[in-house]
Amino acid sequence: MIKKLNLKNDAALSRALEVAPPVISKIRHGRLPVGASLLIRMQEISDLSIKELRDMMGDRRTKFRISDKQFKPKNEKKMKIAEPTQA
């Protein structure tokens with residue numbers, strides 16, 4: 001990203017992406033993954049596609065799997081529908 005945007009260093013990149021400098025350092029050292037919002041911000045300022053950015057970062061997956069647990073309510077017991085009462 002630094003080369004693509006003709007920036008001098010990580011501090012300049014953090015300003016361009018509007019994130020704190022430690023975030024860039026943590027990503028660079030593999031301690032923090034690139035989140036969706038940061039990936040979108042990178043796409044907005046670089047005019048690279050999301051696929052190009054993912055390739056540049058070394059992500060070569062062709063499919064993404066989402067766990068079915070992400071879409072289930074946390075407490076199914078609380079989600080029971082009340083039976084209609086007869087008057």
# chains A, B, ... in the order shown; residues from 1 in each chain; ligands from 1
call {"tool": "residues_around", "arguments": {"residues": "Ala16 in chain A", "least_positions_apart": "3", "cutoff": "12 Å", "atoms": "only C-alpha atoms", "output": "JSON list (two decimals) with N, CA and C atoms, in the first residue's frame"}}
result
[["chain", "number", "residue", "atom", "x", "y", "z"],
["A", 1, "MET", "N", 0.83, -1.19, 0.00],
["A", 1, "MET", "CA", 0.00, 0.00, 0.00],
["A", 1, "MET", "C", 0.87, 1.26, 0.00],
["A", 2, "ILE", "N", 1.99, 1.20, 0.73],
["A", 2, "ILE", "CA", 2.86, 2.36, 0.79],
["A", 2, "ILE", "C", 3.38, 2.71, -0.60],
["A", 5, "LEU", "N", 0.48, 4.02, -2.96],
["A", 5, "LEU", "CA", 0.01, 5.37, -2.66],
["A", 5, "LEU", "C", 1.15, 6.40, -2.61],
["A", 6, "ASN", "N", 2.39, 5.94, -2.92],
["A", 6, "ASN", "CA", 3.56, 6.82, -2.88],
["A", 6, "ASN", "C", 3.73, 7.51, -1.53],
["A", 7, "LEU", "N", 3.64, 6.71, -0.47],
["A", 7, "LEU", "CA", 3.80, 7.23, 0.88],
["A", 7, "LEU", "C", 5.20, 6.93, 1.39],
["A", 8, "LYS", "N", 5.62, 7.66, 2.41],
["A", 8, "LYS", "CA", 6.98, 7.49, 2.92],
["A", 8, "LYS", "C", 7.11, 6.36, 3.94],
["A", 9, "ASN", "N", 6.09, 6.19, 4.80],
["A", 9, "ASN", "CA", 6.23, 5.22, 5.88],
["A", 9, "ASN", "C", 4.87, 4.79, 6.44],
["A", 10, "ASP", "N", 4.92, 3.95, 7.49],
["A", 10, "ASP", "CA", 3.69, 3.45, 8.10],
["A", 10, "ASP", "C", 2.85, 4.57, 8.71],
["A", 11, "ALA", "N", 3.50, 5.60, 9.24],
["A", 11, "ALA", "CA", 2.75, 6.71, 9.84],
["A", 11, "ALA", "C", 1.91, 7.42, 8.78],
["A", 12, "ALA", "N", 2.49, 7.62, 7.60],
["A", 12, "ALA", "CA", 1.75, 8.26, 6.51],
["A", 12, "ALA", "C", 0.59, 7.35, 6.06],
["A", 13, "LEU", "N", 0.84, 6.04, 6.03],
["A", 13, "LEU", "CA", -0.23, 5.10, 5.67],
["A", 13, "LEU", "C", -1.34, 5.13, 6.70],
["A", 19, "VAL", "N", -6.38, 5.36, 10.63],
["A", 19, "VAL", "CA", -6.28, 4.43, 11.75],
["A", 19, "VAL", "C", -5.05, 4.82, 12.58],
["A", 20, "ALA", "N", -5.00, 4.34, 13.80],
["A", 20, "ALA", "CA", -3.86, 4.63, 14.67],
["A", 20, "ALA", "C", -2.61, 3.92, 14.15],
["A", 21, "PRO", "N", -1.45, 4.53, 14.27],
["A", 21, "PRO", "CA", -0.21, 3.88, 13.80],
["A", 21, "PRO", "C", 0.04, 2.48, 14.35],
["A", 24, "ILE", "N", -1.35, -0.38, 12.09],
["A", 24, "ILE", "CA", -0.52, -0.74, 10.93],
["A", 24, "ILE", "C", 0.60, -1.67, 11.37],
["A", 38, "LEU", "N", -11.43, -1.92, 7.37],
["A", 38, "LEU", "CA", -10.13, -1.44, 6.91],
["A", 38, "LEU", "C", -9.88, -1.85, 5.46],
["A", 41, "ARG", "N", -11.76, 0.50, 3.35],
["A", 41, "ARG", "CA", -11.08, 1.80, 3.33],
["A", 41, "ARG", "C", -9.86, 1.75, 2.41],
["A", 42, "MET", "N", -9.12, 0.66, 2.44],
["A", 42, "MET", "CA", -7.97, 0.49, 1.55],
["A", 42, "MET", "C", -8.42, 0.52, 0.10],
["A", 43, "GLN", "N", -9.55, -0.10, -0.18],
["A", 43, "GLN", "CA", -10.08, -0.13, -1.54],
["A", 43, "GLN", "C", -10.48, 1.27, -1.98],
["A", 44, "GLU", "N", -11.09, 2.02, -1.08],
["A", 44, "GLU", "CA", -11.54, 3.37, -1.42],
["A", 44, "GLU", "C", -10.39, 4.31, -1.76],
["A", 45, "ILE", "N", -9.30, 4.24, -1.01],
["A", 45, "ILE", "CA", -8.23, 5.21, -1.23],
["A", 45, "ILE", "C", -7.23, 4.76, -2.29],
["A", 46, "SER", "N", -7.22, 3.45, -2.62],
["A", 46, "SER", "CA", -6.21, 2.97, -3.58],
["A", 46, "SER", "C", -6.76, 2.70, -4.96]]
call {"tool": "atom_distance", "arguments": {"atom1": "CA of Lys51 in chain A", "atom2": "CA of Arg15 in chain A"}}
result
23.2 Å
call {"tool": "closest_residue", "arguments": {"among": "A:Lys4, A:Ser14, A:Leu32, A:Pro22", "to": "Leu53 in chain A", "atoms": "only C-alpha atoms"}}
result
A:Lys4
call {"tool": "atom_distance", "arguments": {"atom1": "CA of Lys3 in chain A", "atom2": "CA of Arg54 in chain A"}}
result
15.9 Å
call {"tool": "decode", "arguments": {"residues": "range 21-33 of chain A", "atoms": "N, CA and C atoms", "output": "short mmCIF file (atom, residue, chain, number, x, y, z; two decimals), in the first residue's frame"}}
result
data_model
loop_
_atom_site.label_atom_id
_atom_site.label_comp_id
_atom_site.auth_asym_id
_atom_site.auth_seq_id
_atom_site.Cartn_x
_atom_site.Cartn_y
_atom_site.Cartn_z
N PRO A 21 -1.45 4.53 14.27
CA PRO A 21 -0.21 3.88 13.80
C PRO A 21 0.04 2.48 14.35
N PRO A 22 -0.29 2.19 15.62
CA PRO A 22 -0.07 0.82 16.11
C PRO A 22 -0.88 -0.24 15.34
N VAL A 23 -2.00 0.15 14.77
CA VAL A 23 -2.81 -0.80 13.99
C VAL A 23 -2.00 -1.28 12.78
N ILE A 24 -1.35 -0.38 12.09
CA ILE A 24 -0.52 -0.74 10.93
C ILE A 24 0.60 -1.67 11.37
N SER A 25 1.25 -1.34 12.49
CA SER A 25 2.34 -2.16 12.99
C SER A 25 1.87 -3.57 13.34
N LYS A 26 0.73 -3.66 14.01
CA LYS A 26 0.20 -4.98 14.39
C LYS A 26 -0.18 -5.80 13.17
N ILE A 27 -0.73 -5.18 12.16
CA ILE A 27 -1.07 -5.89 10.92
C ILE A 27 0.20 -6.37 10.24
N ARG A 28 1.19 -5.50 10.16
CA ARG A 28 2.46 -5.84 9.50
C ARG A 28 3.15 -7.03 10.17
N HIS A 29 3.04 -7.11 11.52
CA HIS A 29 3.70 -8.19 12.26
C HIS A 29 2.80 -9.40 12.49
N GLY A 30 1.63 -9.42 11.87
CA GLY A 30 0.75 -10.59 11.93
C GLY A 30 0.01 -10.76 13.24
N ARG A 31 -0.06 -9.72 14.05
CA ARG A 31 -0.76 -9.82 15.33
C ARG A 31 -2.21 -9.36 15.24
N LEU A 32 -2.58 -8.77 14.11
CA LEU A 32 -3.94 -8.27 13.92
C LEU A 32 -4.35 -8.51 12.47
N PRO A 33 -5.48 -9.16 12.25
CA PRO A 33 -5.92 -9.35 10.86
C PRO A 33 -6.50 -8.06 10.29
#
